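Shown next: target38.txt, containing compact mmCIF, C-alpha atoms and all ligand atoms.
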# COMPACT_ATOMS: atom_id res chain seq x y z
CA MET E 1 -39.34 -62.24 34.62
CA LYS E 2 -42.99 -61.95 35.61
CA ILE E 3 -44.05 -58.99 33.50
CA GLU E 4 -47.73 -59.38 34.43
CA GLU E 5 -46.91 -58.94 38.11
CA ILE E 6 -45.08 -55.68 37.39
CA LYS E 7 -47.85 -54.52 35.04
CA ASN E 8 -50.45 -54.99 37.77
CA PHE E 9 -48.26 -53.37 40.37
CA SER E 10 -47.50 -50.39 38.10
CA LYS E 11 -51.19 -49.38 38.12
CA LYS E 12 -50.90 -48.49 41.80
CA LEU E 13 -48.10 -45.96 41.30
CA LYS E 14 -47.96 -42.45 39.85
CA SER E 15 -44.54 -43.08 38.30
CA GLN E 16 -44.51 -44.34 34.73
CA PHE E 17 -43.66 -47.88 33.68
CA TYR E 18 -42.96 -48.71 30.03
CA PHE E 19 -42.67 -52.21 28.64
CA ASN E 20 -40.30 -53.29 25.85
CA TYR E 21 -38.80 -49.84 25.95
CA ASP E 22 -36.09 -48.75 23.52
CA LEU E 23 -32.87 -47.63 25.20
CA LYS E 24 -31.04 -46.49 22.08
CA LYS E 25 -31.87 -42.81 22.51
CA LEU E 26 -31.04 -42.88 26.23
CA ASN E 27 -27.31 -43.25 25.88
CA TRP E 28 -24.54 -41.23 24.27
CA PHE E 29 -23.33 -44.06 22.04
CA ASN E 30 -26.82 -44.25 20.56
CA ILE E 31 -26.50 -48.02 20.60
CA GLY E 32 -28.64 -50.69 22.16
CA GLY E 33 -31.87 -52.59 22.22
CA LYS E 34 -34.83 -52.70 24.52
CA THR E 35 -35.48 -53.38 28.17
CA LYS E 36 -38.42 -55.51 29.28
CA VAL E 37 -39.31 -52.86 31.86
CA TYR E 38 -38.38 -49.18 32.06
CA PHE E 39 -39.33 -47.51 35.33
CA LYS E 40 -39.23 -43.70 35.28
CA VAL E 41 -39.34 -42.91 38.98
CA GLU E 42 -41.09 -39.74 40.03
CA SER E 43 -41.21 -40.16 43.81
CA LEU E 44 -39.20 -41.73 46.57
CA ALA E 45 -42.37 -43.35 47.91
CA ASP E 46 -42.88 -45.16 44.58
CA LEU E 47 -39.26 -46.28 44.50
CA ILE E 48 -39.50 -47.67 48.04
CA LEU E 49 -42.70 -49.58 47.19
CA PHE E 50 -41.13 -50.99 44.05
CA LEU E 51 -37.91 -52.09 45.76
CA LYS E 52 -39.74 -53.67 48.68
CA LYS E 53 -41.67 -55.84 46.26
CA PHE E 54 -39.22 -56.45 43.42
CA GLY E 55 -35.78 -55.25 44.58
CA LYS E 56 -34.46 -58.70 45.38
CA LYS E 57 -36.31 -60.53 42.60
CA GLN E 58 -35.45 -58.54 39.49
CA LYS E 59 -32.30 -57.61 37.67
CA ILE E 60 -32.05 -53.84 37.99
CA PHE E 61 -29.86 -51.32 36.18
CA VAL E 62 -29.96 -47.63 37.07
CA LEU E 63 -29.37 -45.35 34.13
CA GLY E 64 -28.23 -41.74 34.50
CA ALA E 65 -27.47 -39.68 31.40
CA GLY E 66 -26.05 -42.79 29.70
CA SER E 67 -22.76 -41.01 28.97
CA ASN E 68 -20.68 -43.89 30.27
CA THR E 69 -22.82 -46.88 29.34
CA LEU E 70 -22.75 -49.21 26.35
CA ILE E 71 -26.02 -51.09 25.92
CA SER E 72 -26.44 -54.51 24.33
CA ASP E 73 -28.74 -55.00 21.32
CA LYS E 74 -30.41 -57.91 23.10
CA ILE E 75 -33.52 -57.34 25.20
CA PHE E 76 -32.54 -56.65 28.82
CA ASP E 77 -34.43 -59.15 30.94
CA GLY E 78 -34.88 -56.84 33.87
CA VAL E 79 -35.83 -53.32 34.94
CA VAL E 80 -34.00 -50.19 33.91
CA ILE E 81 -34.62 -47.51 36.50
CA LYS E 82 -34.29 -43.87 35.63
CA LEU E 83 -34.74 -41.24 38.32
CA GLY E 84 -37.01 -38.48 37.03
CA LYS E 85 -37.03 -34.72 37.49
CA ASN E 86 -38.16 -34.88 41.10
CA PHE E 87 -34.70 -36.22 41.88
CA SER E 88 -32.93 -33.29 40.28
CA ASN E 89 -33.44 -30.56 42.88
CA ILE E 90 -30.55 -28.51 44.19
CA THR E 91 -30.44 -26.67 47.53
CA ILE E 92 -27.81 -24.50 49.14
CA LEU E 93 -27.10 -24.67 52.87
CA PRO E 94 -24.85 -22.52 55.09
CA ASN E 95 -21.06 -22.96 54.83
CA ASN E 96 -21.07 -23.46 51.05
CA ILE E 97 -22.73 -26.84 51.22
CA ILE E 98 -24.84 -27.82 48.22
CA VAL E 99 -27.22 -30.77 48.12
CA ALA E 100 -28.08 -32.13 44.67
CA GLY E 101 -30.45 -34.87 43.54
CA SER E 102 -28.99 -37.79 41.62
CA SER E 103 -30.71 -37.05 38.32
CA CYS E 104 -29.37 -33.50 38.27
CA THR E 105 -26.72 -33.05 35.59
CA ASP E 106 -23.15 -32.20 36.53
CA LYS E 107 -23.44 -29.09 34.40
CA LYS E 108 -26.57 -27.90 36.21
CA LEU E 109 -24.79 -28.30 39.55
CA SER E 110 -21.75 -26.43 38.26
CA ASP E 111 -24.00 -23.58 36.99
CA TYR E 112 -25.81 -23.48 40.33
CA ALA E 113 -22.52 -23.23 42.25
CA LEU E 114 -21.45 -20.41 39.93
CA GLU E 115 -24.69 -18.46 40.54
CA ASN E 116 -24.22 -18.90 44.30
CA GLU E 117 -20.53 -17.98 44.21
CA VAL E 118 -19.36 -21.34 45.50
CA GLY E 119 -16.05 -22.55 44.04
CA GLY E 120 -14.78 -26.13 43.67
CA PHE E 121 -17.52 -27.31 41.32
CA GLU E 122 -15.99 -25.92 38.12
CA PHE E 123 -14.70 -29.29 36.85
CA LEU E 124 -18.28 -30.58 36.73
CA SER E 125 -18.97 -28.28 33.78
CA CYS E 126 -16.81 -30.64 31.66
CA ILE E 127 -18.53 -33.94 32.49
CA PRO E 128 -21.75 -34.77 30.59
CA GLY E 129 -23.27 -37.08 33.24
CA THR E 130 -25.56 -36.90 36.23
CA ILE E 131 -24.75 -36.78 39.94
CA GLY E 132 -25.75 -40.46 40.33
CA GLY E 133 -23.42 -41.54 37.51
CA GLY E 134 -20.65 -39.32 38.85
CA LEU E 135 -20.86 -40.88 42.31
CA ARG E 136 -20.75 -44.41 40.90
CA MET E 137 -17.78 -43.58 38.67
CA ASN E 138 -16.01 -41.13 40.96
CA ALA E 139 -15.96 -39.05 37.78
CA GLY E 140 -13.46 -36.29 37.40
CA CYS E 141 -11.18 -34.26 35.19
CA PHE E 142 -8.19 -31.96 35.44
CA ASP E 143 -7.09 -33.38 38.80
CA LYS E 144 -10.48 -33.04 40.49
CA GLU E 145 -12.89 -35.87 41.26
CA PHE E 146 -16.30 -36.22 42.88
CA LYS E 147 -14.65 -37.42 46.09
CA ASP E 148 -12.85 -34.06 46.50
CA ILE E 149 -16.08 -32.14 47.16
CA LEU E 150 -18.31 -34.91 48.50
CA ILE E 151 -19.55 -34.90 52.12
CA SER E 152 -22.23 -37.59 52.06
CA ILE E 153 -24.48 -39.69 49.87
CA GLN E 154 -28.12 -40.54 50.36
CA ALA E 155 -28.92 -43.93 48.85
CA ILE E 156 -31.54 -46.63 48.86
CA ASP E 157 -30.85 -50.36 49.05
CA ARG E 158 -32.62 -53.23 47.32
CA ILE E 159 -35.14 -53.66 50.12
CA GLY E 160 -36.17 -50.02 50.08
CA ARG E 161 -34.18 -48.74 53.07
CA VAL E 162 -32.89 -45.18 52.73
CA ILE E 163 -29.40 -44.71 54.14
CA THR E 164 -26.89 -41.90 54.49
CA ILE E 165 -23.25 -42.69 53.80
CA PRO E 166 -20.59 -40.23 54.95
CA ALA E 167 -17.90 -39.74 52.27
CA LYS E 168 -15.19 -40.58 54.78
CA LYS E 169 -16.58 -44.12 55.07
CA VAL E 170 -16.11 -44.75 51.35
CA LEU E 171 -12.88 -45.87 49.77
CA PHE E 172 -12.57 -43.86 46.58
CA GLU E 173 -10.09 -44.71 43.88
CA TYR E 174 -9.51 -43.51 40.36
CA ARG E 175 -12.93 -43.93 38.62
CA SER E 176 -14.18 -46.34 41.28
CA ASN E 177 -15.14 -46.83 44.90
CA ASP E 178 -16.22 -49.58 47.26
CA LEU E 179 -19.91 -48.60 47.41
CA ALA E 180 -22.16 -51.66 47.06
CA ASP E 181 -23.12 -52.31 43.43
CA ASP E 182 -26.80 -52.59 44.25
CA LEU E 183 -27.21 -49.18 45.89
CA ILE E 184 -29.26 -46.55 44.08
CA PHE E 185 -27.99 -43.07 44.85
CA LEU E 186 -30.71 -40.52 45.57
CA SER E 187 -28.76 -37.36 46.30
CA ALA E 188 -25.45 -36.11 47.61
CA SER E 189 -24.09 -33.23 49.69
CA PHE E 190 -21.01 -31.40 48.51
CA LYS E 191 -18.85 -28.73 50.07
CA GLY E 192 -17.20 -25.91 48.18
CA LEU E 193 -15.61 -22.64 49.17
CA LYS E 194 -16.66 -19.01 48.78
CA LYS E 195 -15.34 -17.74 45.45
CA ASN E 196 -15.87 -14.68 43.31
CA LYS E 197 -18.24 -15.25 40.38
CA ASN E 198 -15.82 -13.89 37.78
CA GLU E 199 -13.07 -16.16 39.00
CA ILE E 200 -15.38 -19.19 38.79
CA LYS E 201 -16.41 -18.15 35.27
CA LYS E 202 -12.78 -17.79 34.21
CA GLU E 203 -11.92 -21.22 35.62
CA ILE E 204 -14.87 -22.86 33.82
CA HIS E 205 -13.88 -21.17 30.57
CA LYS E 206 -10.28 -22.36 30.98
CA LEU E 207 -11.29 -25.96 31.70
CA LYS E 208 -13.77 -26.09 28.82
CA ASN E 209 -11.14 -24.81 26.39
CA LYS E 210 -8.67 -27.39 27.62
CA LYS E 211 -11.26 -30.12 27.22
CA ASN E 212 -12.26 -29.02 23.71
CA GLN E 213 -8.64 -29.07 22.61
CA SER E 214 -8.05 -32.64 23.69
CA GLN E 215 -11.41 -34.40 23.31
CA PRO E 216 -14.02 -34.59 20.58
CA ASN E 217 -17.50 -33.33 21.33
CA ARG E 218 -20.93 -33.61 19.71
CA ILE E 219 -20.25 -37.21 18.76
CA LYS E 220 -21.76 -40.56 19.71
CA THR E 221 -19.33 -41.84 22.31
CA GLY E 222 -19.12 -43.05 25.90
CA GLY E 223 -16.10 -40.86 26.68
CA SER E 224 -12.99 -42.70 27.88
CA THR E 225 -13.41 -46.38 27.05
CA PHE E 226 -10.65 -47.57 29.37
CA LYS E 227 -9.18 -46.40 32.65
CA ASN E 228 -5.63 -45.16 32.58
CA PRO E 229 -3.64 -48.18 33.88
CA ILE E 230 -1.98 -46.16 36.64
CA ASN E 231 -0.78 -49.23 38.53
CA GLN E 232 0.90 -50.77 35.49
CA THR E 233 2.54 -47.95 33.58
CA ASN E 234 3.01 -44.17 33.51
CA LYS E 235 1.69 -44.11 29.97
CA LYS E 236 -1.83 -42.90 29.26
CA VAL E 237 -4.30 -45.21 27.53
CA TRP E 238 -4.28 -43.12 24.37
CA GLU E 239 -0.51 -43.60 24.09
CA LEU E 240 -0.79 -47.37 24.52
CA ILE E 241 -3.55 -47.52 21.90
CA LYS E 242 -1.53 -45.38 19.52
CA GLU E 243 1.47 -47.69 19.70
CA SER E 244 -0.52 -50.95 19.53
CA VAL E 245 -3.48 -50.56 17.18
CA PRO E 246 -3.95 -49.19 13.64
CA LEU E 247 -5.93 -46.05 14.42
CA ASP E 248 -8.18 -46.49 11.40
CA THR E 249 -9.42 -49.85 12.71
CA LYS E 250 -13.17 -50.22 12.17
CA PHE E 251 -15.70 -52.83 13.13
CA GLY E 252 -18.89 -52.07 11.23
CA GLY E 253 -19.78 -48.50 12.19
CA ALA E 254 -17.51 -48.38 15.25
CA GLY E 255 -14.18 -46.57 15.12
CA ILE E 256 -11.54 -44.76 17.16
CA SER E 257 -11.69 -40.97 17.50
CA ASN E 258 -8.78 -39.28 15.75
CA LYS E 259 -8.80 -36.53 18.38
CA HIS E 260 -8.63 -38.78 21.45
CA TYR E 261 -7.69 -42.43 20.90
CA ASN E 262 -9.44 -43.58 24.10
CA PHE E 263 -12.79 -42.29 22.78
CA PHE E 264 -14.57 -44.82 20.56
CA ILE E 265 -17.25 -43.54 18.24
CA ASN E 266 -20.45 -44.82 16.74
CA GLU E 267 -19.69 -43.39 13.30
CA LYS E 268 -22.36 -45.12 11.24
CA ASN E 269 -25.14 -47.05 12.93
CA ALA E 270 -22.74 -49.23 14.88
CA SER E 271 -24.25 -52.20 16.63
CA PHE E 272 -23.37 -53.31 20.15
CA ASN E 273 -21.32 -56.14 18.62
CA ASP E 274 -19.34 -53.72 16.44
CA MET E 275 -18.41 -51.59 19.45
CA ASN E 276 -17.71 -54.59 21.64
CA LYS E 277 -15.46 -56.15 18.99
CA LEU E 278 -13.51 -52.91 18.71
CA ILE E 279 -13.10 -52.79 22.49
CA GLU E 280 -11.92 -56.41 22.70
CA PHE E 281 -9.60 -55.95 19.69
CA VAL E 282 -7.94 -52.99 21.41
CA ILE E 283 -7.61 -54.84 24.72
CA ASP E 284 -5.94 -57.83 22.95
CA ASN E 285 -3.59 -55.76 20.85
CA VAL E 286 -2.50 -53.44 23.67
CA GLU E 287 -1.74 -56.46 25.84
CA LYS E 288 0.20 -58.24 23.06
CA LYS E 289 2.25 -55.15 22.25
CA THR E 290 2.82 -53.63 25.70
CA GLY E 291 1.90 -56.28 28.27
CA VAL E 292 -0.63 -53.87 29.81
CA LYS E 293 -4.09 -55.29 30.50
CA LEU E 294 -6.60 -52.50 29.95
CA GLU E 295 -9.63 -52.23 32.21
CA LYS E 296 -12.89 -50.85 30.87
CA GLU E 297 -14.08 -47.55 32.29
CA ILE E 298 -17.41 -47.70 30.48
CA LYS E 299 -20.17 -49.82 31.97
CA ILE E 300 -21.91 -52.45 29.87
CA LEU E 301 -25.60 -53.22 30.18
CA GLU E 302 -26.48 -56.63 28.80
C1 LIG E 401 -18.09 -36.65 25.61
C2 LIG E 401 -17.84 -37.29 26.96
C3 LIG E 401 -16.90 -36.75 27.81
C4 LIG E 401 -16.67 -37.33 29.08
N1 LIG E 401 -15.74 -36.76 29.90
C5 LIG E 401 -15.53 -37.31 31.13
C6 LIG E 401 -14.58 -36.72 32.03
O1 LIG E 401 -13.95 -35.71 31.75
N2 LIG E 401 -14.41 -37.32 33.24
C7 LIG E 401 -15.09 -38.44 33.60
O2 LIG E 401 -14.90 -38.93 34.72
N3 LIG E 401 -16.00 -39.00 32.78
C8 LIG E 401 -16.23 -38.46 31.56
N4 LIG E 401 -17.16 -39.03 30.72
C9 LIG E 401 -17.88 -40.24 31.16
C10 LIG E 401 -19.21 -39.95 31.88
O3 LIG E 401 -19.71 -38.68 31.51
C11 LIG E 401 -19.05 -40.00 33.41
O4 LIG E 401 -18.62 -41.26 33.85
C12 LIG E 401 -20.38 -39.68 34.11
O5 LIG E 401 -20.15 -39.52 35.47
C13 LIG E 401 -21.44 -40.76 33.88
O6 LIG E 401 -22.68 -40.26 34.37
P1 LIG E 401 -24.05 -40.75 33.72
O7 LIG E 401 -25.14 -40.13 34.49
O8 LIG E 401 -24.05 -40.53 32.26
O9 LIG E 401 -23.95 -42.30 34.06
P2 LIG E 401 -24.50 -43.54 33.20
O10 LIG E 401 -23.66 -43.74 31.99
O11 LIG E 401 -25.95 -43.43 33.00
O12 LIG E 401 -24.19 -44.71 34.25
C14 LIG E 401 -22.83 -44.98 34.62
C15 LIG E 401 -22.85 -45.90 35.85
O13 LIG E 401 -23.44 -45.20 36.95
C16 LIG E 401 -24.54 -45.94 37.47
N5 LIG E 401 -25.53 -44.99 37.95
C17 LIG E 401 -26.07 -43.94 37.29
N6 LIG E 401 -26.96 -43.29 38.09
C18 LIG E 401 -26.96 -43.96 39.27
C19 LIG E 401 -27.69 -43.80 40.49
N7 LIG E 401 -28.56 -42.80 40.67
N8 LIG E 401 -27.46 -44.68 41.49
C20 LIG E 401 -26.58 -45.69 41.33
N9 LIG E 401 -25.87 -45.90 40.20
C21 LIG E 401 -26.06 -45.04 39.18
C22 LIG E 401 -25.03 -46.79 36.29
O14 LIG E 401 -25.74 -47.91 36.75
C23 LIG E 401 -23.71 -47.15 35.63
O15 LIG E 401 -23.10 -48.22 36.32
C24 LIG E 401 -17.40 -38.47 29.46
C25 LIG E 401 -18.37 -39.00 28.60
C26 LIG E 401 -18.59 -38.43 27.36
C27 LIG E 401 -19.65 -39.00 26.47

What do you get writing this file as structure tokens?
Amino acid sequence: MKIEEIKNFSKKLKSQFYFNYDLKKLNWFNIGGKTKVYFKVESLADLILFLKKFGKKQKIFVLGAGSNTLISDKIFDGVVIKLGKNFSNITILPNNIIVAGSSCTDKKLSDYALENEVGGFEFLSCIPGTIGGGLRMNAGCFDKEFKDILISIQAIDRIGRVITIPAKKVLFEYRSNDLADDLIFLSASFKGLKKNKNEIKKEIHKLKNKKNQSQPNRIKTGGSTFKNPINQTNKKVWELIKESVPLDTKFGGAGISNKHYNFFINEKNASFNDMNKLIEFVIDNVEKKTGVKLEKEIKILE
């Protein structure tokens, strides 16, 4: 990668560029090495300029809250883009439509909907990511997913063209969709329904309790490591793991949560290799024991 070219270019923009930037603190696993370039975008104009010049030449990875991403310890030979606070605005429109920027957290959007008495966004209070990450993953919980409230997405492609994609043009599936891998999501419009504040509060409280009972929190994890293999078996991943793998399996500092077997934890300074070995060990053993081939839900940056 031609670092000098990016260094010179960066002087023309207001957004910040950092070189050899440590990604460890920018993800929930607290694992990972550096990226050659870290671009903290503060305006759409800067992002367009950057993509026009480098969008087709450089490897690019967009990072949200890093709650679903495992990062390699090697130096990433590309640009990690993080949308800054200017991409986190939220606006309400008539008919219970809410527009949220991609770097806005799911929780902030859920709180905003509560304040404005718009229902349908309660499940977002349980997901620790951003809107951008949620769109990419079609994140969801308790039978609700992003697709259920989504109207449209505003995105930018690798040559700096801003496009609007109606939700009905996207094929959403469980934790995935057919949106092009190289799109960067800028914002999205969602539709809820009028709902009494107390009822929304009660629903959020109920969901959070349910979540706390079944999943660990305040730990270094990427959430569910694998997707539930809904096309192969009725069993949940945690059940398959329980019947196939000794639950006290450790690779270095990486282990399996004893509260939710599909959550893997950085218990003690785990390296990327520790976590990756644990993931591959579980995939192999589940397949040997049950015939089910697990698919990763977490994204890997390497
Ligand atoms: C404790 C815990 C609990 C969790 N519970 C749930 C749950 O209940 N349900 C659930 O679905 N998930 C859950 N997750 C996983 C995770 O929170 C979700 O997948 C979330 O949507 C990821 O958002 P993020 O911003 O952290 O994405 P990141 O991890 O930063 O990125 C994930 C993917 O999205 C892409 N991406 C991020 N921003 C953009 C953008 N602006 N444009 C284009 N691509 C982008 C990244 O490139 C990457 O491929 C949990 C995770 C943890 C740690």

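Remark: for ligand LIG 401 (chain E), the closest of the candidate residues E:Gly78, E:Gly55, E:Gly255, E:Gly129 is E:Gly129 (distances computed over all atoms listed in the file).
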
Given 6 Å and all atoms listed in the file, residues near ligand LIG 401 (chain E) as a PyMOL selection string = chain E and resi 28+61-69+102+126-130+132-134+136-137+139-141+183-186+217+221-223+299

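Computed from the coordinates, the CA of Asp148 (chain E) to CA of Ile81 (chain E) distance equals 27.5 Å.
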
Residue nearest Lys202 (chain E) among E:Ala155, E:Leu171, E:Leu114, E:Ile149 (counting all atoms listed in the file) =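 Of E:Ala155, E:Leu171, E:Leu114, E:Ile149, the one nearest Lys202 (chain E) is E:Leu114, counting all atoms listed in the file.
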
From the list E:Asn196, E:Ser88, E:Thr249, E:Asn95, which residue is nearest Gly119 (chain E) when using only C-alpha atoms?
->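 When distances to Gly119 (chain E) are compared using only C-alpha atoms, the smallest one comes from E:Asn196.
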
Start from the incomplete input, build N, CA, C and O atoms for region 208-228 of chain E, and deliver everything as a PDB file, keeping the file's coordinate frame.
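Output file result-v7.pdb is given in full below:
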ATOM      1  N   LYS E 208     -13.032 -25.679  30.031  1.00  0.00           N
ATOM      2  CA  LYS E 208     -13.770 -26.090  28.820  1.00  0.00           C
ATOM      3  C   LYS E 208     -12.882 -26.005  27.584  1.00  0.00           C
ATOM      4  O   LYS E 208     -12.923 -26.861  26.704  1.00  0.00           O
ATOM      5  N   ASN E 209     -12.062 -24.945  27.531  1.00  0.00           N
ATOM      6  CA  ASN E 209     -11.140 -24.810  26.390  1.00  0.00           C
ATOM      7  C   ASN E 209     -10.171 -25.970  26.337  1.00  0.00           C
ATOM      8  O   ASN E 209      -9.924 -26.554  25.271  1.00  0.00           O
ATOM      9  N   LYS E 210      -9.640 -26.290  27.527  1.00  0.00           N
ATOM     10  CA  LYS E 210      -8.670 -27.390  27.620  1.00  0.00           C
ATOM     11  C   LYS E 210      -9.305 -28.692  27.139  1.00  0.00           C
ATOM     12  O   LYS E 210      -8.722 -29.449  26.385  1.00  0.00           O
ATOM     13  N   LYS E 211     -10.538 -28.892  27.584  1.00  0.00           N
ATOM     14  CA  LYS E 211     -11.260 -30.120  27.220  1.00  0.00           C
ATOM     15  C   LYS E 211     -11.512 -30.164  25.706  1.00  0.00           C
ATOM     16  O   LYS E 211     -11.303 -31.184  25.060  1.00  0.00           O
ATOM     17  N   ASN E 212     -11.957 -29.046  25.145  1.00  0.00           N
ATOM     18  CA  ASN E 212     -12.260 -29.020  23.710  1.00  0.00           C
ATOM     19  C   ASN E 212     -11.029 -29.262  22.848  1.00  0.00           C
ATOM     20  O   ASN E 212     -11.117 -29.788  21.748  1.00  0.00           O
ATOM     21  N   GLN E 213      -9.869 -28.852  23.389  1.00  0.00           N
ATOM     22  CA  GLN E 213      -8.640 -29.070  22.610  1.00  0.00           C
ATOM     23  C   GLN E 213      -8.254 -30.542  22.554  1.00  0.00           C
ATOM     24  O   GLN E 213      -7.689 -31.011  21.580  1.00  0.00           O
ATOM     25  N   SER E 214      -8.569 -31.261  23.634  1.00  0.00           N
ATOM     26  CA  SER E 214      -8.050 -32.640  23.690  1.00  0.00           C
ATOM     27  C   SER E 214      -9.103 -33.711  23.408  1.00  0.00           C
ATOM     28  O   SER E 214      -8.763 -34.861  23.166  1.00  0.00           O
ATOM     29  N   GLN E 215     -10.381 -33.367  23.475  1.00  0.00           N
ATOM     30  CA  GLN E 215     -11.410 -34.400  23.310  1.00  0.00           C
ATOM     31  C   GLN E 215     -12.459 -33.970  22.290  1.00  0.00           C
ATOM     32  O   GLN E 215     -12.794 -32.792  22.225  1.00  0.00           O
ATOM     33  N   PRO E 216     -12.972 -34.947  21.542  1.00  0.00           N
ATOM     34  CA  PRO E 216     -14.020 -34.590  20.580  1.00  0.00           C
ATOM     35  C   PRO E 216     -15.333 -34.313  21.309  1.00  0.00           C
ATOM     36  O   PRO E 216     -15.556 -34.825  22.405  1.00  0.00           O
ATOM     37  N   ASN E 217     -16.166 -33.489  20.752  1.00  0.00           N
ATOM     38  CA  ASN E 217     -17.500 -33.330  21.330  1.00  0.00           C
ATOM     39  C   ASN E 217     -18.559 -33.425  20.224  1.00  0.00           C
ATOM     40  O   ASN E 217     -18.236 -33.530  19.059  1.00  0.00           O
ATOM     41  N   ARG E 218     -19.809 -33.422  20.640  1.00  0.00           N
ATOM     42  CA  ARG E 218     -20.930 -33.610  19.710  1.00  0.00           C
ATOM     43  C   ARG E 218     -20.790 -34.874  18.853  1.00  0.00           C
ATOM     44  O   ARG E 218     -21.009 -34.863  17.638  1.00  0.00           O
ATOM     45  N   ILE E 219     -20.348 -35.946  19.489  1.00  0.00           N
ATOM     46  CA  ILE E 219     -20.250 -37.210  18.760  1.00  0.00           C
ATOM     47  C   ILE E 219     -20.875 -38.311  19.618  1.00  0.00           C
ATOM     48  O   ILE E 219     -21.075 -38.122  20.809  1.00  0.00           O
ATOM     49  N   LYS E 220     -21.126 -39.443  18.987  1.00  0.00           N
ATOM     50  CA  LYS E 220     -21.760 -40.560  19.710  1.00  0.00           C
ATOM     51  C   LYS E 220     -20.671 -41.417  20.349  1.00  0.00           C
ATOM     52  O   LYS E 220     -20.076 -42.266  19.688  1.00  0.00           O
ATOM     53  N   THR E 221     -20.409 -41.145  21.612  1.00  0.00           N
ATOM     54  CA  THR E 221     -19.330 -41.840  22.310  1.00  0.00           C
ATOM     55  C   THR E 221     -19.689 -42.043  23.764  1.00  0.00           C
ATOM     56  O   THR E 221     -20.632 -41.410  24.265  1.00  0.00           O
ATOM     57  N   GLY E 222     -18.930 -42.892  24.447  1.00  0.00           N
ATOM     58  CA  GLY E 222     -19.120 -43.050  25.900  1.00  0.00           C
ATOM     59  C   GLY E 222     -17.968 -42.417  26.658  1.00  0.00           C
ATOM     60  O   GLY E 222     -17.717 -42.774  27.800  1.00  0.00           O
ATOM     61  N   GLY E 223     -17.255 -41.477  26.015  1.00  0.00           N
ATOM     62  CA  GLY E 223     -16.100 -40.860  26.680  1.00  0.00           C
ATOM     63  C   GLY E 223     -14.952 -41.859  26.732  1.00  0.00           C
ATOM     64  O   GLY E 223     -14.806 -42.720  25.844  1.00  0.00           O
ATOM     65  N   SER E 224     -14.149 -41.803  27.772  1.00  0.00           N
ATOM     66  CA  SER E 224     -12.990 -42.700  27.880  1.00  0.00           C
ATOM     67  C   SER E 224     -13.462 -44.145  27.988  1.00  0.00           C
ATOM     68  O   SER E 224     -14.217 -44.490  28.896  1.00  0.00           O
ATOM     69  N   THR E 225     -12.991 -44.978  27.052  1.00  0.00           N
ATOM     70  CA  THR E 225     -13.410 -46.380  27.050  1.00  0.00           C
ATOM     71  C   THR E 225     -12.720 -47.154  28.165  1.00  0.00           C
ATOM     72  O   THR E 225     -13.330 -47.988  28.823  1.00  0.00           O
ATOM     73  N   PHE E 226     -11.434 -46.849  28.369  1.00  0.00           N
ATOM     74  CA  PHE E 226     -10.650 -47.570  29.370  1.00  0.00           C
ATOM     75  C   PHE E 226     -10.119 -46.605  30.430  1.00  0.00           C
ATOM     76  O   PHE E 226      -9.940 -45.420  30.174  1.00  0.00           O
ATOM     77  N   LYS E 227      -9.833 -47.186  31.610  1.00  0.00           N
ATOM     78  CA  LYS E 227      -9.180 -46.400  32.650  1.00  0.00           C
ATOM     79  C   LYS E 227      -7.697 -46.301  32.315  1.00  0.00           C
ATOM     80  O   LYS E 227      -7.124 -47.248  31.762  1.00  0.00           O
ATOM     81  N   ASN E 228      -7.081 -45.204  32.706  1.00  0.00           N
ATOM     82  CA  ASN E 228      -5.630 -45.160  32.580  1.00  0.00           C
ATOM     83  C   ASN E 228      -5.045 -46.214  33.522  1.00  0.00           C
ATOM     84  O   ASN E 228      -5.420 -46.242  34.699  1.00  0.00           O
TER      85      ASN E 228
END
